[in-house]
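The data block below is upload-v7.tsv; it holds TSV, C-alpha atoms.
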chain	number	residue	atom	x	y	z
F	68	MET	CA	15.16	19.12	-52.39
F	69	GLU	CA	13.53	22.28	-53.76
F	70	ASP	CA	11.82	20.26	-56.53
F	71	GLU	CA	10.43	17.86	-53.92
F	72	GLU	CA	8.92	20.75	-51.96
F	73	GLN	CA	7.29	22.18	-55.09
F	74	LEU	CA	5.94	18.76	-56.07
F	75	ASP	CA	4.56	18.33	-52.55
F	76	LEU	CA	2.84	21.73	-52.73
F	77	ALA	CA	1.44	20.97	-56.18
F	78	SER	CA	0.13	17.61	-55.01
F	79	ARG	CA	-1.79	19.36	-52.23
F	80	LEU	CA	-3.53	21.68	-54.67
F	81	THR	CA	-6.84	20.18	-55.62
F	82	GLN	CA	-9.80	21.23	-57.71
F	83	ASP	CA	-11.33	22.50	-54.45
F	84	HIS	CA	-8.40	24.91	-54.00
F	85	HIS	CA	-9.03	26.31	-57.46
F	86	GLN	CA	-12.77	26.46	-56.86
F	87	SER	CA	-12.29	28.15	-53.47
F	88	LEU	CA	-10.04	30.80	-55.05
F	89	LYS	CA	-12.54	31.32	-57.86
F	90	LEU	CA	-15.38	31.74	-55.32
F	91	TRP	CA	-13.39	34.25	-53.27
F	92	LEU	CA	-12.47	36.29	-56.36
F	93	ARG	CA	-16.09	36.25	-57.58
F	94	MET	CA	-17.40	37.46	-54.20
F	95	LEU	CA	-14.71	40.14	-54.08
F	96	SER	CA	-15.49	41.28	-57.62
F	97	CYS	CA	-19.21	41.64	-56.85
F	98	THR	CA	-18.49	43.50	-53.62
F	99	VAL	CA	-16.07	45.92	-55.30
F	100	LYS	CA	-18.51	46.64	-58.15
F	101	ILE	CA	-21.36	47.44	-55.75
F	102	GLU	CA	-19.12	49.38	-53.37
F	103	ASN	CA	-17.66	51.53	-56.17
F	104	GLU	CA	-21.13	52.41	-57.42
F	105	ILE	CA	-22.35	53.26	-53.91
F	106	ARG	CA	-19.23	55.39	-53.27
F	107	SER	CA	-19.87	57.33	-56.45
F	108	ARG	CA	-23.56	57.85	-55.73
F	109	LEU	CA	-22.98	58.92	-52.11
F	110	ARG	CA	-20.43	61.49	-53.25
F	111	ALA	CA	-22.60	62.81	-56.11
F	112	THR	CA	-25.90	62.85	-54.22
F	113	PHE	CA	-24.92	63.73	-50.66
F	114	GLY	CA	-21.32	64.95	-50.86
F	115	ILE	CA	-20.26	62.27	-48.38
F	116	THR	CA	-17.72	59.46	-48.49
F	117	LEU	CA	-18.55	55.82	-47.86
F	118	PRO	CA	-16.43	55.67	-44.67
F	119	ARG	CA	-18.30	58.68	-43.25
F	120	PHE	CA	-21.63	57.08	-44.16
F	121	ASP	CA	-20.50	53.79	-42.57
F	122	LEU	CA	-19.47	55.54	-39.33
F	123	MET	CA	-22.84	57.27	-39.16
F	124	ALA	CA	-24.55	53.92	-39.79
F	125	GLN	CA	-22.72	52.40	-36.83
F	126	LEU	CA	-23.74	55.30	-34.60
F	127	GLU	CA	-27.35	55.12	-35.79
F	128	ARG	CA	-27.49	51.55	-34.44
F	129	TYR	CA	-26.13	52.70	-31.05
F	130	PRO	CA	-27.90	55.93	-30.00
F	131	GLN	CA	-26.02	55.87	-26.67
F	132	GLY	CA	-22.82	56.27	-28.69
F	133	LEU	CA	-19.72	54.18	-29.26
F	134	ARG	CA	-16.17	54.65	-28.07
F	135	MET	CA	-13.57	55.36	-30.72
F	136	GLY	CA	-11.92	51.96	-30.22
F	137	GLU	CA	-15.24	50.20	-30.67
F	138	LEU	CA	-15.92	52.14	-33.87
F	139	SER	CA	-12.47	51.17	-35.12
F	140	ARG	CA	-13.12	47.49	-34.36
F	141	ARG	CA	-16.59	47.46	-35.91
F	142	MET	CA	-15.45	49.25	-39.07
F	143	MET	CA	-12.19	47.27	-39.27
F	144	VAL	CA	-10.04	50.37	-39.74
F	145	THR	CA	-7.34	52.02	-37.65
F	146	GLY	CA	-8.06	54.38	-34.81
F	147	GLY	CA	-6.41	57.16	-36.79
F	148	ASN	CA	-8.92	56.71	-39.60
F	149	ILE	CA	-11.80	56.86	-37.13
F	150	THR	CA	-10.38	60.03	-35.55
F	151	GLY	CA	-10.10	61.74	-38.95
F	152	ILE	CA	-13.63	60.79	-40.01
F	153	THR	CA	-15.03	61.79	-36.61
F	154	ASP	CA	-13.23	65.16	-36.79
F	155	GLN	CA	-14.85	65.88	-40.19
F	156	LEU	CA	-18.33	64.84	-39.05
F	157	GLU	CA	-17.94	66.82	-35.82
F	158	GLN	CA	-17.01	69.98	-37.79
F	159	GLU	CA	-20.23	69.53	-39.76
F	160	LYS	CA	-22.16	69.13	-36.49
F	161	LEU	CA	-23.31	65.62	-37.47
F	162	VAL	CA	-21.60	63.90	-34.51
F	163	VAL	CA	-20.47	64.96	-31.07
F	164	ARG	CA	-17.85	63.55	-28.73
F	165	VAL	CA	-19.09	63.09	-25.15
F	166	PRO	CA	-17.13	61.95	-22.09
F	167	ASP	CA	-17.67	58.24	-21.46
F	168	PRO	CA	-19.53	57.87	-18.13
F	169	LYS	CA	-17.63	54.62	-17.39
F	170	ASP	CA	-14.18	56.10	-18.07
F	171	GLY	CA	-13.60	59.83	-17.71
F	172	ARG	CA	-10.49	59.63	-19.91
F	173	ALA	CA	-12.39	58.18	-22.86
F	174	TYR	CA	-14.99	59.62	-25.20
F	175	SER	CA	-17.98	58.18	-26.96
F	176	VAL	CA	-19.19	59.48	-30.30
F	177	LYS	CA	-22.90	60.08	-30.88
F	178	LEU	CA	-24.97	61.34	-33.77
F	179	THR	CA	-26.41	64.80	-33.19
F	180	ALA	CA	-30.05	65.52	-34.04
F	181	ALA	CA	-28.84	66.92	-37.37
F	182	GLY	CA	-26.72	63.78	-37.87
F	183	ARG	CA	-29.69	61.48	-37.22
F	184	LYS	CA	-31.84	63.46	-39.65
F	185	ALA	CA	-29.14	63.50	-42.35
F	186	PHE	CA	-28.38	59.80	-41.94
F	187	ALA	CA	-32.07	58.84	-42.05
F	188	ALA	CA	-32.45	60.62	-45.39
F	189	MET	CA	-29.28	59.01	-46.80
F	190	ALA	CA	-30.17	55.53	-45.50
F	191	VAL	CA	-33.51	55.46	-47.35
F	192	VAL	CA	-31.83	56.41	-50.63
F	193	HIS	CA	-28.92	54.00	-49.99
F	194	GLU	CA	-31.32	51.10	-49.44
F	195	GLY	CA	-33.05	51.95	-52.73
F	196	TRP	CA	-29.71	51.93	-54.56
F	197	ILE	CA	-28.86	48.49	-53.17
F	198	ALA	CA	-32.28	47.18	-54.20
F	199	GLU	CA	-31.76	48.65	-57.67
F	200	LEU	CA	-28.29	47.15	-58.07
F	201	LEU	CA	-29.53	43.69	-57.02
F	202	GLN	CA	-32.92	43.85	-58.78
F	203	ASP	CA	-32.00	41.18	-61.33
F	204	VAL	CA	-31.27	38.61	-58.61
F	205	SER	CA	-34.46	36.71	-57.79
F	206	ALA	CA	-35.86	36.66	-54.26
F	207	ASP	CA	-35.17	32.92	-54.05
F	208	ASP	CA	-31.56	33.38	-55.14
F	209	LYS	CA	-31.11	36.21	-52.61
F	210	ALA	CA	-32.49	34.00	-49.83
F	211	ARG	CA	-30.24	31.12	-50.89
F	212	LEU	CA	-27.16	33.37	-51.08
F	213	ILE	CA	-27.92	34.85	-47.65
F	214	ASP	CA	-28.15	31.34	-46.17
F	215	LEU	CA	-24.99	30.14	-47.91
F	216	LEU	CA	-22.98	33.18	-46.89
F	217	ALA	CA	-24.25	32.97	-43.29
F	218	ASP	CA	-23.06	29.36	-43.18
F	219	MET	CA	-19.70	30.36	-44.69
F	220	LYS	CA	-19.31	33.19	-42.17
F	221	HIS	CA	-20.00	30.77	-39.33
F	222	LYS	CA	-17.44	28.28	-40.66
F	223	LEU	CA	-14.83	31.02	-41.07
F	224	ARG	CA	-15.20	31.94	-37.39
F	225	THR	CA	-14.88	28.35	-36.20
F	226	PRO	CA	-11.25	27.28	-35.78
F	227	SER	CA	-10.47	24.00	-37.53

What does the file become when written as structure tokens?
Amino acid sequence: MEDEEQLDLASRLTQDHHQSLKLWLRMLSCTVKIENEIRSRLRATFGITLPRFDLMAQLERYPQGLRMGELSRRMMVTGGNITGITDQLEQEKLVVRVPDPKDGRAYSVKLTAAGRKAFAAMAVVHEGWIAELLQDVSADDKARLIDLLADMKHKLRTPS
């Protein structure tokens, strides 16, 4: 019986399965290479970690602030991680916790004026690093990859 199950599984594996795995691993490899380089540069240039930069980026998009749970959801990390990062940024006076006007028990996190200024400076440099790292990819290839990945993202959200 066990041999039948393994044969059945093997018969379901197609070239597309192999190609899908290869695609996923290639995307992951590219992402990790870029992310590792950005982590290193952020630390060396600004003395900041990528998660702290990412949290500030989220807050920059929402000047009214975001609740801790929303930050956790957007960054796809646990609430504990968000609390630790927020504590560090708050000690450096880059963010502030403010009572949520809709729920007195909850807090929103906002960038301070110093946080906005610091993030703006980092964001310009960060964008330049990304452009540098992807400079050998043609504009047409970038546009095509953006379209293909947008389509893939849409298909991944749609239940089959």

When you draw a straight line from atom CA of Arg106 of chain F to atom CA of Ile213 of chain F, how long is it in Å?
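Straight-line distance from atom CA of Arg106 of chain F to atom CA of Ile213 of chain F works out to 23.0 Å.
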
Under the rule that only C-alpha atoms are counted, which of F:Pro168, F:Pro118, F:Gly146, F:Gly136 is the nearest residue to Glu102 of chain F?
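Checking each candidate against Glu102 of chain F, we get F:Pro118 as the closest.
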
Residues at most 8 Å from Val165 of chain F, counting all atoms listed in the file, excluding those fewer than 5 positions away in the same chain, as number ranges by chain?
F: 174-177

Rounded to one decimal in Å, what is the spacing between atom CA of Gly147 of chain F and atom CA of Met135 of chain F?
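Straight-line distance from atom CA of Gly147 of chain F to atom CA of Met135 of chain F works out to 9.6 Å.
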
Of the candidates F:Asp154, F:Met219, F:Met189, F:Arg172, which one gets nearest to Ser87 of chain F if we count all atoms listed in the file?
F:Met219

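Here atom CA of Leu216 of chain F and atom CA of Lys100 of chain F stand 18.1 Å from one another.
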
For Val191 of chain F, the nearest of the candidates F:Ala124, F:Val163, F:Leu88, F:Leu95, counting all atoms listed in the file
F:Ala124

Tell me, as a short mmCIF file (atom, residue, chain, number, x, y, z; two decimals) with C-alpha atoms, keeping the file's coordinate frame, which residues lie within 12 Å of Gln125 of chain F, counting only C-alpha atoms; anything in the same chain fewer than 6 positions away does not count.
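Result written to selection_7.cif:
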data_model
loop_
_atom_site.label_atom_id
_atom_site.label_comp_id
_atom_site.auth_asym_id
_atom_site.auth_seq_id
_atom_site.Cartn_x
_atom_site.Cartn_y
_atom_site.Cartn_z
CA PRO F 118 -16.43 55.67 -44.67
CA ARG F 119 -18.30 58.68 -43.25
CA GLN F 131 -26.02 55.87 -26.67
CA GLY F 132 -22.82 56.27 -28.69
CA LEU F 133 -19.72 54.18 -29.26
CA ARG F 134 -16.17 54.65 -28.07
CA MET F 135 -13.57 55.36 -30.72
CA GLU F 137 -15.24 50.20 -30.67
CA LEU F 138 -15.92 52.14 -33.87
CA SER F 139 -12.47 51.17 -35.12
CA ARG F 140 -13.12 47.49 -34.36
CA ARG F 141 -16.59 47.46 -35.91
CA MET F 142 -15.45 49.25 -39.07
CA MET F 143 -12.19 47.27 -39.27
CA ILE F 149 -11.80 56.86 -37.13
CA VAL F 162 -21.60 63.90 -34.51
CA VAL F 176 -19.19 59.48 -30.30
CA LYS F 177 -22.90 60.08 -30.88
CA LEU F 178 -24.97 61.34 -33.77
CA ARG F 183 -29.69 61.48 -37.22
CA PHE F 186 -28.38 59.80 -41.94
CA ALA F 190 -30.17 55.53 -45.50
#

Can you rebuild segment 151-169 of chain F with N, CA and C atoms and give it as a PDB file, keeping the file's coordinate frame?
ATOM      1  N   GLY F 151      -9.972  60.816 -37.825  1.00  0.00           N
ATOM      2  CA  GLY F 151     -10.100  61.740 -38.950  1.00  0.00           C
ATOM      3  C   GLY F 151     -11.541  61.879 -39.433  1.00  0.00           C
ATOM      4  N   ILE F 152     -12.237  60.766 -39.556  1.00  0.00           N
ATOM      5  CA  ILE F 152     -13.630  60.790 -40.010  1.00  0.00           C
ATOM      6  C   ILE F 152     -14.500  61.496 -38.967  1.00  0.00           C
ATOM      7  N   THR F 153     -14.262  61.173 -37.693  1.00  0.00           N
ATOM      8  CA  THR F 153     -15.030  61.790 -36.610  1.00  0.00           C
ATOM      9  C   THR F 153     -14.792  63.298 -36.585  1.00  0.00           C
ATOM     10  N   ASP F 154     -13.546  63.723 -36.761  1.00  0.00           N
ATOM     11  CA  ASP F 154     -13.230  65.160 -36.790  1.00  0.00           C
ATOM     12  C   ASP F 154     -14.050  65.860 -37.878  1.00  0.00           C
ATOM     13  N   GLN F 155     -14.102  65.283 -39.074  1.00  0.00           N
ATOM     14  CA  GLN F 155     -14.850  65.880 -40.190  1.00  0.00           C
ATOM     15  C   GLN F 155     -16.334  65.976 -39.858  1.00  0.00           C
ATOM     16  N   LEU F 156     -16.896  64.865 -39.356  1.00  0.00           N
ATOM     17  CA  LEU F 156     -18.330  64.840 -39.050  1.00  0.00           C
ATOM     18  C   LEU F 156     -18.657  65.788 -37.886  1.00  0.00           C
ATOM     19  N   GLU F 157     -17.732  65.922 -36.959  1.00  0.00           N
ATOM     20  CA  GLU F 157     -17.940  66.820 -35.820  1.00  0.00           C
ATOM     21  C   GLU F 157     -17.942  68.286 -36.304  1.00  0.00           C
ATOM     22  N   GLN F 158     -17.051  68.617 -37.236  1.00  0.00           N
ATOM     23  CA  GLN F 158     -17.010  69.980 -37.790  1.00  0.00           C
ATOM     24  C   GLN F 158     -18.321  70.325 -38.488  1.00  0.00           C
ATOM     25  N   GLU F 159     -18.952  69.317 -39.068  1.00  0.00           N
ATOM     26  CA  GLU F 159     -20.230  69.530 -39.760  1.00  0.00           C
ATOM     27  C   GLU F 159     -21.421  69.407 -38.814  1.00  0.00           C
ATOM     28  N   LYS F 160     -21.131  69.226 -37.533  1.00  0.00           N
ATOM     29  CA  LYS F 160     -22.160  69.130 -36.490  1.00  0.00           C
ATOM     30  C   LYS F 160     -23.089  67.923 -36.690  1.00  0.00           C
ATOM     31  N   LEU F 161     -22.530  66.844 -37.275  1.00  0.00           N
ATOM     32  CA  LEU F 161     -23.310  65.620 -37.470  1.00  0.00           C
ATOM     33  C   LEU F 161     -23.059  64.620 -36.345  1.00  0.00           C
ATOM     34  N   VAL F 162     -21.906  64.735 -35.680  1.00  0.00           N
ATOM     35  CA  VAL F 162     -21.600  63.900 -34.510  1.00  0.00           C
ATOM     36  C   VAL F 162     -21.034  64.798 -33.419  1.00  0.00           C
ATOM     37  N   VAL F 163     -21.048  64.258 -32.199  1.00  0.00           N
ATOM     38  CA  VAL F 163     -20.470  64.960 -31.070  1.00  0.00           C
ATOM     39  C   VAL F 163     -19.712  63.947 -30.224  1.00  0.00           C
ATOM     40  N   ARG F 164     -18.591  64.382 -29.674  1.00  0.00           N
ATOM     41  CA  ARG F 164     -17.850  63.550 -28.730  1.00  0.00           C
ATOM     42  C   ARG F 164     -18.347  63.896 -27.324  1.00  0.00           C
ATOM     43  N   VAL F 165     -18.642  62.870 -26.531  1.00  0.00           N
ATOM     44  CA  VAL F 165     -19.090  63.090 -25.150  1.00  0.00           C
ATOM     45  C   VAL F 165     -18.233  62.242 -24.223  1.00  0.00           C
ATOM     46  N   PRO F 166     -17.916  62.751 -23.023  1.00  0.00           N
ATOM     47  CA  PRO F 166     -17.130  61.950 -22.090  1.00  0.00           C
ATOM     48  C   PRO F 166     -17.856  60.632 -21.777  1.00  0.00           C
ATOM     49  N   ASP F 167     -17.096  59.550 -21.757  1.00  0.00           N
ATOM     50  CA  ASP F 167     -17.670  58.240 -21.460  1.00  0.00           C
ATOM     51  C   ASP F 167     -17.946  58.173 -19.960  1.00  0.00           C
ATOM     52  N   PRO F 168     -19.195  57.891 -19.553  1.00  0.00           N
ATOM     53  CA  PRO F 168     -19.530  57.870 -18.130  1.00  0.00           C
ATOM     54  C   PRO F 168     -18.786  56.776 -17.352  1.00  0.00           C
ATOM     55  N   LYS F 169     -18.345  55.725 -18.048  1.00  0.00           N
ATOM     56  CA  LYS F 169     -17.630  54.620 -17.390  1.00  0.00           C
ATOM     57  C   LYS F 169     -16.139  54.893 -17.246  1.00  0.00           C
TER      58      LYS F 169
END
